[in-house]
Amino acid sequence: MKKNEILFLQGNEVCARAAMYAGVSFYAGYPITPSTEIAEVLAELMPAEGKAFMQMEDEISSICAIIGASLTGNKVMTATSGPGFSLMQEAIGYGHMAEIPCVIVNVQRGGPSTGMPTSASQADVMQTRWGTHGDHSVIALTASNHEDIFAMTVEAFNFSELYRMPVVLLLDEVIAHMREGLTIPEPGELPIIERLNTSVPEDSDYHPYFAREDGRLPMSEFGGIHRYNVTGLAHDMWGFPSNDPEVANTLIHHLVNKVENYKHDIARYKTTNMDDADIVLISYGCSARSAKQTMSNLRQRGLRVGMIELQTLWPFPDDIIYDLCRDARYVVVAEMNMGQVLHQVKEAVSNPDRVFLANRVDGALINPEDIENVVNLLRGKGK
Amino acid sequence: MKKKLKFNRDWCKGCGICVEFCPKNVLELDDELKIYAPRSGDCIFCKMCELRCPDIAIQIIETQEESDEEK
Amino acid sequence: MAVTDYLREQFMPHIWCPGCGHGIVLNSLVRAVEQIGLEKNDVVMVSGIGCSARMAGYLDFHTMHTLHGRALAFATGAKMGNPRLKVIVPMGDGDALAIGGNHFIHAARRNMDLTAIVMNNNIYGMTGGQFSPATPKNRYATTAPYGTIDEPFDVVKVATAAGASFVARSTTYHVNELIKLIREGIEHPGFSVIEILDQCPTYYGRKNLSGSAVDMLKHFKENSVKIGKGTGAPGEIEIGVFVKEVRPEYCDKYESLVKEVQGGKK
């Protein structure tokens, strides 16, 4: 590739190329619309660079295989969509409990069940947060354009290594299948966080679940000098199962705090025209593209409309939303579901009665007029 | 070097497999249902008890001691 | 090395019931690994969920205790992620054939160098004695109080049909042969399945009036025949090596593919 060459790519292809940029060395997946192109691109790129690509028998085995490969020292990823993401939930919980870095891309489509496989939706936000059983925190990122898909894919790998956990990249059918131009970043242009391997020497007592002072948990790969146990059971700092209430209590608090305590470091968002905004649009993913257009249409009509685009959905940046929306007369959340981020925004702001939903759940992309109509209604200027 | 039967009473769960399949009838379970060898002199060290023990509580070891009497 | 050198002795005695065959399998497995002379750092053990799966915790290898039925899927990733490692997968009959049935047949089809040890005690032990896909017809279980009407899987036939390149069966009575078969399975360069008929005196034994662990071992002794030496009578247990063929191994094939792609041949 020539330096700074602009490529005309599909969103899924961008995600695959970004994974390569981040250093993915093992991918396992199962075909499912609308994520399949990620696997197709990696099937071509990975062998050419000596990296392992596998097509598995289902999504369950795909997520299990990447966790296994992560433990033998690889940066790993799988990609799927709604039904596959549902199948993966048990193993995602395992990844959280066992604290294994891995990246799961969910290209959202209409649901529930088989739903609308080729249509747009953003209805997996809450599943991403609460899809597994039990308590733990999650990290989920999203993007609304190809430059951001690239950056957030790399960031997903970085967060998974930094916090030693599964990270979900929530894309949607529109941006995944949309084509636009992208300049692929040069190597070194985006920071890459590599796995932190333990400095504990051989024949010394290594604790795979004992955090350093900075909160990071150094790893030792299977096949390396430290033999230890990994389990989905509640476990002590050696990884051995434990029924001790104190051990379980510490573990659950750790699984939550290791994310929640760093939520400002994890928060990725963009603000536009917020300085004087008294109407705030909050959106993400494909909906943010329409919201941006709504903002500019309304600004042209003299309305003081600002916008927050979320790239980190989980942990939800509630205090940032609180601060940014403090002076807003209205907050309108634009999303393609029945109000999943709306719910979070209502919880975050000081005046939840002023938070409204502009949505669409019919599979067609929400358009600027859909959002504009809601703003007009709020201003008593309904059509 | 003499061979000797060694038992781990803490690991033995008293299932009796070793007793039943010992070809020389060397072994018994004691009053607390733990393995012991009242007829250790008959032992031919065939290792069948060691290999069949589900609790890894039996080992045939080599020892320098003169006596091969069991504890 | 002594057998105990492969154990995490701090967790012994293990959780298995008195007379449980899983302990005999553990015993044989360790001896097979010792005979081959594998370094502990080169062995990865991946287990699922169930009584059998607890084996991983007792062994001083790199051990991964995963999800019910999914051990082979985790193991596939671990092996592909570092093909140098020896990956051993102990499974129960429910673990391998019911919830894990799909992974089992696809692992066999792929012929990746994994060693699947199916500890078949014909019952779900950990949950308290429900019938499994390996429970023979008309036997009793807590979920089959009137006897099962289900037909059981034959592990050897399933593994063979799905393409496993090494398939063997033994019992916990035949320990010398068992050690040899596990050793052969680990050394075989492809997907190996060793079915081990294994006694669960606590649940299967009690529900089916099979007696104690000793009685169940006697049953294995009296009803087992070498492959091809039997009469075909019902209840006869054929033991030995059913399949042993060297076929291209998955990680090797992938390595060749990479070389071809990088050399511009594909």
# chains A, B, ... in the order shown; residues from 1 in each chain; ligands from 1
$ interface_residues --of "chain C" --to "chain B" --cutoff "6 Å" --atoms "only C-alpha atoms" --output "MDAnalysis selection string"
chainID C and resid 13 18:19 23:24 214
$ residues_around --residues "region 301-312 of chain A" --least-positions-apart "3" --cutoff "9 Å" --atoms "only C-alpha atoms" --output "PyMOL selection string"
chain A and resi 139-144+148+152+266-285+288+291-292+294-298+315-317+321+324
$ residues_around --residues "Ala116 (chain C)" --least-positions-apart "3" --cutoff "6 Å" --atoms "only C-alpha atoms" --output "number ranges by chain"
C: 89-90, 192-193
$ select_by_dssp --residues "region 67-256 of chain C" --states "strand (DSSP E)" --output "number ranges by chain"
C: 86-92, 114-120, 123-124, 130-131, 166-171, 192-197, 224-226, 237-244
$ write_last_selection --atoms "N, CA and C atoms" --output "CSV table (one decimal), in the first residue's frame"
chain,number,residue,atom,x,y,z
C,86,LYS,N,1.2,-29.8,23.7
C,86,LYS,CA,0.3,-31.0,23.8
C,86,LYS,C,-1.0,-30.6,24.5
C,87,VAL,N,-2.1,-30.8,23.9
C,87,VAL,CA,-3.3,-30.4,24.5
C,87,VAL,C,-4.2,-31.7,24.8
C,88,ILE,N,-4.5,-31.9,26.0
C,88,ILE,CA,-5.3,-33.0,26.5
C,88,ILE,C,-6.6,-32.5,27.0
C,89,VAL,N,-7.7,-33.2,26.6
C,89,VAL,CA,-9.0,-32.7,26.9
C,89,VAL,C,-9.8,-33.8,27.6
C,90,PRO,N,-9.9,-33.9,28.9
C,90,PRO,CA,-10.7,-34.9,29.6
C,90,PRO,C,-12.2,-34.4,29.6
C,91,MET,N,-13.1,-35.3,29.3
C,91,MET,CA,-14.5,-35.0,29.2
C,91,MET,C,-15.4,-36.1,29.8
C,92,GLY,N,-16.6,-35.7,30.2
C,92,GLY,CA,-17.5,-36.7,30.6
C,92,GLY,C,-18.4,-37.1,29.4
C,114,LEU,N,-5.4,-33.0,19.1
C,114,LEU,CA,-5.9,-32.9,20.5
C,114,LEU,C,-6.2,-34.4,21.0
C,115,THR,N,-6.0,-34.6,22.3
C,115,THR,CA,-6.4,-35.9,22.8
C,115,THR,C,-7.6,-35.8,23.6
C,116,ALA,N,-8.7,-36.3,23.1
C,116,ALA,CA,-10.0,-36.3,23.9
C,116,ALA,C,-10.2,-37.6,24.7
C,117,ILE,N,-10.3,-37.4,26.0
C,117,ILE,CA,-10.5,-38.6,26.8
C,117,ILE,C,-11.9,-38.5,27.3
C,118,VAL,N,-12.7,-39.4,26.8
C,118,VAL,CA,-14.1,-39.4,27.2
C,118,VAL,C,-14.3,-40.4,28.3
C,119,MET,N,-14.6,-39.9,29.5
C,119,MET,CA,-14.8,-40.7,30.7
C,119,MET,C,-16.3,-41.0,30.7
C,120,ASN,N,-16.6,-42.2,30.2
C,120,ASN,CA,-18.0,-42.5,30.0
C,120,ASN,C,-18.5,-43.4,31.2
C,123,ILE,N,-23.8,-41.5,32.9
C,123,ILE,CA,-24.7,-40.7,33.8
C,123,ILE,C,-24.1,-39.3,34.0
C,124,TYR,N,-25.0,-38.3,34.4
C,124,TYR,CA,-24.5,-37.0,34.8
C,124,TYR,C,-24.3,-37.1,36.3
C,130,GLN,N,-28.6,-37.8,36.5
C,130,GLN,CA,-29.6,-37.8,35.4
C,130,GLN,C,-29.1,-38.7,34.2
C,131,PHE,N,-29.9,-39.1,33.3
C,131,PHE,CA,-29.4,-40.0,32.2
C,131,PHE,C,-28.7,-39.1,31.2
C,166,PHE,N,-7.6,-41.4,15.5
C,166,PHE,CA,-7.3,-42.4,16.5
C,166,PHE,C,-8.5,-42.6,17.4
C,167,VAL,N,-9.0,-43.8,17.4
C,167,VAL,CA,-10.1,-44.1,18.2
C,167,VAL,C,-9.9,-45.4,19.0
C,168,ALA,N,-10.0,-45.3,20.3
C,168,ALA,CA,-9.8,-46.5,21.1
C,168,ALA,C,-10.8,-46.5,22.3
C,169,ARG,N,-10.9,-47.7,22.9
C,169,ARG,CA,-11.8,-47.9,24.0
C,169,ARG,C,-11.2,-48.8,25.0
C,170,SER,N,-11.3,-48.4,26.3
C,170,SER,CA,-10.9,-49.3,27.3
C,170,SER,C,-11.8,-49.1,28.6
C,171,THR,N,-11.4,-49.7,29.7
C,171,THR,CA,-12.2,-49.6,30.9
C,171,THR,C,-11.2,-49.3,32.0
C,192,SER,N,-7.4,-37.6,18.6
C,192,SER,CA,-7.5,-38.9,19.2
C,192,SER,C,-8.7,-38.9,20.2
C,193,VAL,N,-9.4,-40.0,20.1
C,193,VAL,CA,-10.5,-40.2,21.1
C,193,VAL,C,-10.2,-41.5,21.8
C,194,ILE,N,-10.2,-41.4,23.2
C,194,ILE,CA,-10.1,-42.6,24.0
C,194,ILE,C,-11.3,-42.7,24.8
C,195,GLU,N,-12.2,-43.6,24.5
C,195,GLU,CA,-13.4,-43.8,25.4
C,195,GLU,C,-13.0,-44.7,26.5
C,196,ILE,N,-13.3,-44.2,27.7
C,196,ILE,CA,-13.0,-45.1,28.9
C,196,ILE,C,-14.3,-45.4,29.7
C,197,LEU,N,-14.6,-46.6,29.7
C,197,LEU,CA,-15.8,-47.0,30.5
C,197,LEU,C,-15.4,-46.9,31.9
C,224,SER,N,-15.7,-57.6,29.0
C,224,SER,CA,-14.9,-57.0,27.9
C,224,SER,C,-14.2,-58.0,27.1
C,225,VAL,N,-14.1,-57.7,25.8
C,225,VAL,CA,-13.4,-58.6,24.8
C,225,VAL,C,-12.6,-57.8,23.9
C,226,LYS,N,-11.5,-58.3,23.5
C,226,LYS,CA,-10.6,-57.6,22.5
C,226,LYS,C,-11.4,-57.5,21.2
C,237,ILE,N,-18.4,-55.5,25.8
C,237,ILE,CA,-17.6,-54.3,25.6
C,237,ILE,C,-16.4,-54.6,24.8
C,238,GLU,N,-16.3,-54.1,23.6
C,238,GLU,CA,-15.1,-54.3,22.8
C,238,GLU,C,-14.1,-53.3,23.1
C,239,ILE,N,-12.9,-53.8,23.5
C,239,ILE,CA,-11.8,-52.8,23.8
C,239,ILE,C,-10.6,-53.0,22.9
C,240,GLY,N,-9.9,-51.9,22.8
C,240,GLY,CA,-8.7,-51.9,21.9
C,240,GLY,C,-8.7,-50.6,21.1
C,241,VAL,N,-7.8,-50.7,20.0
C,241,VAL,CA,-7.7,-49.5,19.1
C,241,VAL,C,-8.6,-49.8,17.9
C,242,PHE,N,-9.5,-49.0,17.6
C,242,PHE,CA,-10.4,-49.2,16.5
C,242,PHE,C,-9.9,-48.5,15.2
C,243,VAL,N,-9.4,-47.3,15.4
C,243,VAL,CA,-8.9,-46.5,14.3
C,243,VAL,C,-7.5,-46.0,14.6
C,244,LYS,N,-6.6,-46.1,13.7
C,244,LYS,CA,-5.3,-45.5,13.9
C,244,LYS,C,-4.7,-45.3,12.5
$ residues_around --residues "Phe45 (chain B)" --least-positions-apart "4" --cutoff "12 Å" --atoms "only C-alpha atoms" --output "PyMOL selection string"
chain B and resi 2-6+22-24+26+40-41+49-51+58-62+68
$ write_last_selection --atoms "N, CA, C and O atoms" --output "mmCIF file, in the first residue's frame"
data_model
loop_
_atom_site.group_PDB
_atom_site.id
_atom_site.type_symbol
_atom_site.label_atom_id
_atom_site.label_comp_id
_atom_site.auth_asym_id
_atom_site.auth_seq_id
_atom_site.Cartn_x
_atom_site.Cartn_y
_atom_site.Cartn_z
ATOM 1 N N LYS B 2 15.093 -52.642 48.209
ATOM 2 C CA LYS B 2 13.893 -53.446 48.423
ATOM 3 C C LYS B 2 12.671 -52.671 47.971
ATOM 4 O O LYS B 2 12.614 -51.456 48.094
ATOM 5 N N LYS B 3 11.709 -53.390 47.464
ATOM 6 C CA LYS B 3 10.454 -52.738 47.119
ATOM 7 C C LYS B 3 9.540 -52.751 48.332
ATOM 8 O O LYS B 3 9.616 -53.659 49.160
ATOM 9 N N LYS B 4 8.684 -51.760 48.367
ATOM 10 C CA LYS B 4 7.858 -51.618 49.555
ATOM 11 C C LYS B 4 6.538 -50.939 49.182
ATOM 12 O O LYS B 4 6.509 -50.063 48.327
ATOM 13 N N LEU B 5 5.472 -51.364 49.825
ATOM 14 C CA LEU B 5 4.170 -50.706 49.621
ATOM 15 C C LEU B 5 4.084 -49.480 50.527
ATOM 16 O O LEU B 5 4.412 -49.559 51.702
ATOM 17 N N LYS B 6 3.639 -48.376 49.944
ATOM 18 C CA LYS B 6 3.477 -47.173 50.759
ATOM 19 C C LYS B 6 2.053 -46.654 50.579
ATOM 20 O O LYS B 6 1.580 -46.532 49.442
ATOM 21 N N CYS B 22 -6.354 -57.635 44.335
ATOM 22 C CA CYS B 22 -4.983 -58.050 44.645
ATOM 23 C C CYS B 22 -4.857 -59.554 44.388
ATOM 24 O O CYS B 22 -5.599 -60.350 44.969
ATOM 25 N N PRO B 23 -3.941 -59.957 43.520
ATOM 26 C CA PRO B 23 -3.864 -61.395 43.181
ATOM 27 C C PRO B 23 -3.338 -62.251 44.333
ATOM 28 O O PRO B 23 -3.501 -63.469 44.325
ATOM 29 N N LYS B 24 -2.715 -61.623 45.329
ATOM 30 C CA LYS B 24 -2.138 -62.396 46.433
ATOM 31 C C LYS B 24 -2.839 -62.146 47.762
ATOM 32 O O LYS B 24 -2.355 -62.562 48.816
ATOM 33 N N VAL B 26 -3.169 -59.575 49.665
ATOM 34 C CA VAL B 26 -2.259 -58.931 50.614
ATOM 35 C C VAL B 26 -2.976 -57.870 51.446
ATOM 36 O O VAL B 26 -2.638 -57.628 52.597
ATOM 37 N N SER B 40 1.759 -58.373 53.921
ATOM 38 C CA SER B 40 2.674 -57.717 52.983
ATOM 39 C C SER B 40 3.775 -58.651 52.499
ATOM 40 O O SER B 40 4.320 -58.463 51.409
ATOM 41 N N GLY B 41 4.081 -59.649 53.284
ATOM 42 C CA GLY B 41 5.118 -60.601 52.880
ATOM 43 C C GLY B 41 4.748 -61.351 51.611
ATOM 44 O O GLY B 41 5.616 -61.831 50.876
ATOM 45 N N CYS B 49 -2.620 -52.749 42.395
ATOM 46 C CA CYS B 49 -3.317 -51.903 43.375
ATOM 47 C C CYS B 49 -2.959 -50.428 43.144
ATOM 48 O O CYS B 49 -3.823 -49.555 43.176
ATOM 49 N N GLU B 50 -1.683 -50.177 42.887
ATOM 50 C CA GLU B 50 -1.225 -48.804 42.670
ATOM 51 C C GLU B 50 -1.895 -48.202 41.442
ATOM 52 O O GLU B 50 -2.379 -47.061 41.462
ATOM 53 N N LEU B 51 -1.951 -48.979 40.362
ATOM 54 C CA LEU B 51 -2.510 -48.444 39.114
ATOM 55 C C LEU B 51 -4.019 -48.298 39.177
ATOM 56 O O LEU B 51 -4.585 -47.415 38.533
ATOM 57 N N ILE B 58 -1.762 -45.304 46.825
ATOM 58 C CA ILE B 58 -0.833 -46.434 46.961
ATOM 59 C C ILE B 58 0.357 -46.211 46.044
ATOM 60 O O ILE B 58 0.199 -45.861 44.869
ATOM 61 N N GLN B 59 1.536 -46.402 46.605
ATOM 62 C CA GLN B 59 2.746 -46.341 45.779
ATOM 63 C C GLN B 59 3.645 -47.501 46.154
ATOM 64 O O GLN B 59 3.787 -47.824 47.341
ATOM 65 N N ILE B 60 4.245 -48.109 45.149
ATOM 66 C CA ILE B 60 5.294 -49.091 45.437
ATOM 67 C C ILE B 60 6.614 -48.357 45.277
ATOM 68 O O ILE B 60 6.917 -47.819 44.213
ATOM 69 N N ILE B 61 7.346 -48.283 46.371
ATOM 70 C CA ILE B 61 8.582 -47.505 46.332
ATOM 71 C C ILE B 61 9.779 -48.422 46.560
ATOM 72 O O ILE B 61 9.642 -49.529 47.080
ATOM 73 N N GLU B 62 10.919 -47.943 46.170
ATOM 74 C CA GLU B 62 12.145 -48.683 46.427
ATOM 75 C C GLU B 62 12.801 -48.071 47.646
ATOM 76 O O GLU B 62 12.832 -46.861 47.814
ATOM 77 N N ASP B 68 10.975 -55.348 54.817
ATOM 78 C CA ASP B 68 9.927 -54.831 53.947
ATOM 79 C C ASP B 68 8.566 -54.913 54.633
ATOM 80 O O ASP B 68 7.532 -54.904 54.004
#
$ select_by_dssp --residues "chain B" --states "alpha helix (DSSP H)" --output "ChimeraX atom specification"
/B:17-21,48-52
$ residues_around --residues "Thr250 (chain A)" --least-positions-apart "6" --cutoff "12 Å" --atoms "only C-alpha atoms" --output "MDAnalysis selection string"
chainID A and resid 209:210 234:237 242 244 256:258
$ closest_atom_pairs --of "chain A" --to "chain C" --cutoff "7 Å" --atoms "only C-alpha atoms" --output "Markdown table"
| residue | atom | partner | partner_atom | distance |
| --- | --- | --- | --- | --- |
| A:Phe26 | CA | C:Gly81 | CA | 6.8 |
| A:Pro47 | CA | C:Val258 | CA | 5.1 |
| A:Ala48 | CA | C:Gln262 | CA | 5.4 |
| A:Gly50 | CA | C:Val258 | CA | 5.8 |
| A:Glu57 | CA | C:His106 | CA | 6.7 |
| A:Ser61 | CA | C:Ala73 | CA | 4.9 |
| A:Cys64 | CA | C:Phe74 | CA | 4.7 |
| A:Ala65 | CA | C:Gly77 | CA | 3.9 |
| A:Ile66 | CA | C:Gly77 | CA | 5.7 |
| A:Ile67 | CA | C:Phe74 | CA | 6.6 |
| A:Gly68 | CA | C:Ala78 | CA | 4.3 |
| A:Ala69 | CA | C:Ala78 | CA | 4.3 |
| A:Leu71 | CA | C:Ala78 | CA | 6.8 |
| A:Thr72 | CA | C:Ala78 | CA | 5.6 |
| A:Asn74 | CA | C:Gly81 | CA | 6.5 |
| A:Phe222 | CA | C:His62 | CA | 5.8 |
| A:Gly223 | CA | C:Asp42 | CA | 5.4 |
| A:Gly224 | CA | C:Asn41 | CA | 6.5 |
| A:Ile225 | CA | C:Asn41 | CA | 6.6 |
| A:Arg227 | CA | C:His62 | CA | 4.8 |
| A:Tyr228 | CA | C:His62 | CA | 5.6 |
| A:Asn229 | CA | C:Thr63 | CA | 4.8 |
| A:Val230 | CA | C:Met64 | CA | 4.7 |
| A:Thr231 | CA | C:His65 | CA | 4.6 |
| A:Gly232 | CA | C:Thr66 | CA | 6.1 |
$ write_last_selection --atoms "N, CA, C and O atoms" --output "mmCIF file, in the first residue's frame"
data_model
loop_
_atom_site.group_PDB
_atom_site.id
_atom_site.type_symbol
_atom_site.label_atom_id
_atom_site.label_comp_id
_atom_site.auth_asym_id
_atom_site.auth_seq_id
_atom_site.Cartn_x
_atom_site.Cartn_y
_atom_site.Cartn_z
ATOM 1 N N PHE A 26 -4.965 -14.218 16.023
ATOM 2 C CA PHE A 26 -5.877 -15.366 15.947
ATOM 3 C C PHE A 26 -7.295 -14.859 15.802
ATOM 4 O O PHE A 26 -7.752 -14.024 16.586
ATOM 5 N N PRO A 47 -3.584 -15.414 6.756
ATOM 6 C CA PRO A 47 -2.575 -16.405 6.355
ATOM 7 C C PRO A 47 -1.374 -15.752 5.664
ATOM 8 O O PRO A 47 -0.237 -16.193 5.840
ATOM 9 N N ALA A 48 -1.648 -14.679 4.936
ATOM 10 C CA ALA A 48 -0.558 -14.011 4.209
ATOM 11 C C ALA A 48 0.465 -13.416 5.177
ATOM 12 O O ALA A 48 1.616 -13.210 4.821
ATOM 13 N N GLY A 50 0.969 -14.957 8.172
ATOM 14 C CA GLY A 50 1.316 -16.032 9.109
ATOM 15 C C GLY A 50 0.471 -16.046 10.367
ATOM 16 O O GLY A 50 0.842 -16.645 11.369
ATOM 17 N N GLU A 57 -17.444 -24.197 13.955
ATOM 18 C CA GLU A 57 -18.731 -24.846 13.693
ATOM 19 C C GLU A 57 -19.918 -23.999 14.159
ATOM 20 O O GLU A 57 -21.061 -24.295 13.805
ATOM 21 N N SER A 61 -18.348 -21.982 19.638
ATOM 22 C CA SER A 61 -16.971 -22.468 19.527
ATOM 23 C C SER A 61 -16.034 -21.347 19.105
ATOM 24 O O SER A 61 -14.854 -21.347 19.469
ATOM 25 N N CYS A 64 -15.155 -19.432 22.258
ATOM 26 C CA CYS A 64 -14.330 -20.297 23.105
ATOM 27 C C CYS A 64 -12.926 -20.428 22.523
ATOM 28 O O CYS A 64 -11.931 -20.373 23.252
ATOM 29 N N ALA A 65 -12.842 -20.599 21.212
ATOM 30 C CA ALA A 65 -11.524 -20.768 20.574
ATOM 31 C C ALA A 65 -10.672 -19.521 20.752
ATOM 32 O O ALA A 65 -9.468 -19.626 21.023
ATOM 33 N N ILE A 66 -11.274 -18.342 20.628
ATOM 34 C CA ILE A 66 -10.422 -17.154 20.764
ATOM 35 C C ILE A 66 -9.939 -16.998 22.208
ATOM 36 O O ILE A 66 -8.816 -16.560 22.435
ATOM 37 N N ILE A 67 -10.758 -17.405 23.170
ATOM 38 C CA ILE A 67 -10.301 -17.326 24.566
ATOM 39 C C ILE A 67 -9.143 -18.304 24.789
ATOM 40 O O ILE A 67 -8.133 -17.966 25.406
ATOM 41 N N GLY A 68 -9.281 -19.508 24.221
ATOM 42 C CA GLY A 68 -8.186 -20.486 24.314
ATOM 43 C C GLY A 68 -6.910 -19.954 23.693
ATOM 44 O O GLY A 68 -5.825 -20.073 24.253
ATOM 45 N N ALA A 69 -7.047 -19.341 22.523
ATOM 46 C CA ALA A 69 -5.868 -18.831 21.814
ATOM 47 C C ALA A 69 -5.283 -17.610 22.516
ATOM 48 O O ALA A 69 -4.070 -17.372 22.464
ATOM 49 N N LEU A 71 -5.098 -17.311 25.673
ATOM 50 C CA LEU A 71 -4.284 -17.860 26.761
ATOM 51 C C LEU A 71 -2.964 -18.431 26.278
ATOM 52 O O LEU A 71 -2.013 -18.526 27.049
ATOM 53 N N THR A 72 -2.901 -18.836 25.013
ATOM 54 C CA THR A 72 -1.608 -19.296 24.503
ATOM 55 C C THR A 72 -0.848 -18.139 23.855
ATOM 56 O O THR A 72 0.058 -18.353 23.057
ATOM 57 N N ASN A 74 -1.986 -15.019 22.213
ATOM 58 C CA ASN A 74 -2.377 -14.306 20.996
ATOM 59 C C ASN A 74 -3.298 -13.120 21.278
ATOM 60 O O ASN A 74 -4.043 -13.117 22.249
ATOM 61 N N PHE A 222 0.028 -19.693 28.420
ATOM 62 C CA PHE A 222 0.066 -21.154 28.544
ATOM 63 C C PHE A 222 1.190 -21.673 27.646
ATOM 64 O O PHE A 222 1.326 -21.259 26.502
ATOM 65 N N GLY A 223 1.963 -22.603 28.205
ATOM 66 C CA GLY A 223 3.146 -23.070 27.496
ATOM 67 C C GLY A 223 4.386 -22.340 27.989
ATOM 68 O O GLY A 223 5.498 -22.716 27.660
ATOM 69 N N GLY A 224 4.183 -21.293 28.771
ATOM 70 C CA GLY A 224 5.301 -20.529 29.322
ATOM 71 C C GLY A 224 5.815 -21.115 30.624
ATOM 72 O O GLY A 224 5.561 -22.279 30.943
ATOM 73 N N ILE A 225 6.502 -20.285 31.387
ATOM 74 C CA ILE A 225 7.219 -20.809 32.560
ATOM 75 C C ILE A 225 6.339 -20.948 33.807
ATOM 76 O O ILE A 225 6.761 -21.551 34.785
ATOM 77 N N ARG A 227 2.885 -22.375 35.425
ATOM 78 C CA ARG A 227 1.683 -23.211 35.262
ATOM 79 C C ARG A 227 0.655 -22.778 36.291
ATOM 80 O O ARG A 227 0.969 -22.700 37.480
ATOM 81 N N TYR A 228 -0.530 -22.478 35.821
ATOM 82 C CA TYR A 228 -1.574 -22.065 36.755
ATOM 83 C C TYR A 228 -2.921 -22.522 36.216
ATOM 84 O O TYR A 228 -2.997 -23.118 35.138
ATOM 85 N N ASN A 229 -3.966 -22.248 36.979
ATOM 86 C CA ASN A 229 -5.298 -22.721 36.613
ATOM 87 C C ASN A 229 -6.173 -21.539 36.209
ATOM 88 O O ASN A 229 -6.089 -20.467 36.792
ATOM 89 N N VAL A 230 -6.984 -21.764 35.192
ATOM 90 C CA VAL A 230 -7.958 -20.761 34.763
ATOM 91 C C VAL A 230 -9.328 -21.419 34.874
ATOM 92 O O VAL A 230 -9.512 -22.542 34.414
ATOM 93 N N THR A 231 -10.263 -20.745 35.494
ATOM 94 C CA THR A 231 -11.580 -21.354 35.680
ATOM 95 C C THR A 231 -12.667 -20.293 35.642
ATOM 96 O O THR A 231 -12.408 -19.119 35.922
ATOM 97 N N GLY A 232 -13.866 -20.721 35.299
ATOM 98 C CA GLY A 232 -15.031 -19.843 35.363
ATOM 99 C C GLY A 232 -15.665 -19.849 36.746
ATOM 100 O O GLY A 232 -16.605 -19.104 37.006
#
$ residues_around --residues "Phe85 (chain A)" --least-positions-apart "3" --cutoff "9 Å" --atoms "only C-alpha atoms" --output "ChimeraX atom specification"
/A:59-60,79-82,88-89,104-106,127-128
$ write_last_selection --atoms "N, CA, C and O atoms" --output "tab-separated table (two decimals), in the first residue's frame"
chain	number	residue	atom	x	y	z
A	59	GLU	N	-20.98	-20.03	16.64
A	59	GLU	CA	-20.46	-18.86	17.35
A	59	GLU	C	-19.95	-19.22	18.74
A	59	GLU	O	-19.05	-18.57	19.26
A	60	ILE	N	-20.54	-20.25	19.33
A	60	ILE	CA	-20.09	-20.65	20.67
A	60	ILE	C	-18.63	-21.10	20.60
A	60	ILE	O	-17.78	-20.67	21.37
A	79	ALA	N	-16.06	-12.02	15.23
A	79	ALA	CA	-17.07	-11.06	14.81
A	79	ALA	C	-18.36	-11.81	14.54
A	79	ALA	O	-18.35	-12.95	14.05
A	80	THR	N	-19.47	-11.17	14.88
A	80	THR	CA	-20.76	-11.84	14.73
A	80	THR	C	-21.86	-10.80	14.64
A	80	THR	O	-21.61	-9.60	14.51
A	81	SER	N	-23.09	-11.28	14.72
A	81	SER	CA	-24.25	-10.41	14.73
A	81	SER	C	-25.28	-11.00	15.68
A	81	SER	O	-25.08	-12.11	16.19
A	82	GLY	N	-26.37	-10.30	15.91
A	82	GLY	CA	-27.38	-10.62	16.92
A	82	GLY	C	-27.47	-12.06	17.40
A	82	GLY	O	-27.11	-12.35	18.54
A	88	MET	N	-23.03	-16.40	22.19
A	88	MET	CA	-21.71	-16.22	22.79
A	88	MET	C	-21.75	-15.81	24.26
A	88	MET	O	-20.72	-15.78	24.92
A	89	GLN	N	-22.95	-15.46	24.75
A	89	GLN	CA	-22.98	-14.81	26.07
A	89	GLN	C	-22.32	-15.61	27.18
A	89	GLN	O	-21.63	-15.05	28.03
A	104	ILE	N	-14.72	-8.80	20.72
A	104	ILE	CA	-15.90	-9.36	20.08
A	104	ILE	C	-16.59	-8.23	19.31
A	104	ILE	O	-16.99	-7.24	19.91
A	105	VAL	N	-16.68	-8.40	18.00
A	105	VAL	CA	-17.38	-7.41	17.19
A	105	VAL	C	-18.81	-7.90	16.98
A	105	VAL	O	-19.03	-9.03	16.56
A	106	ASN	N	-19.76	-7.06	17.33
A	106	ASN	CA	-21.17	-7.38	17.06
A	106	ASN	C	-21.70	-6.34	16.09
A	106	ASN	O	-21.91	-5.19	16.45
A	127	GLN	N	-28.11	-5.61	25.76
A	127	GLN	CA	-27.61	-6.99	25.80
A	127	GLN	C	-26.10	-6.99	26.03
A	127	GLN	O	-25.57	-7.83	26.74
A	128	THR	N	-25.42	-6.04	25.41
A	128	THR	CA	-23.99	-5.96	25.57
A	128	THR	C	-23.64	-5.72	27.05
A	128	THR	O	-22.66	-6.26	27.55
$ residues_around --residues "Lys221 (chain C)" --least-positions-apart "5" --cutoff "10 Å" --atoms "only C-alpha atoms" --output "PyMOL selection string"
chain C and resi 171-174+215-216+237
$ atom_distance --atom1 "CA of Asp370 (chain A)" --atom2 "CA of Ala358 (chain A)"
6.8 Å
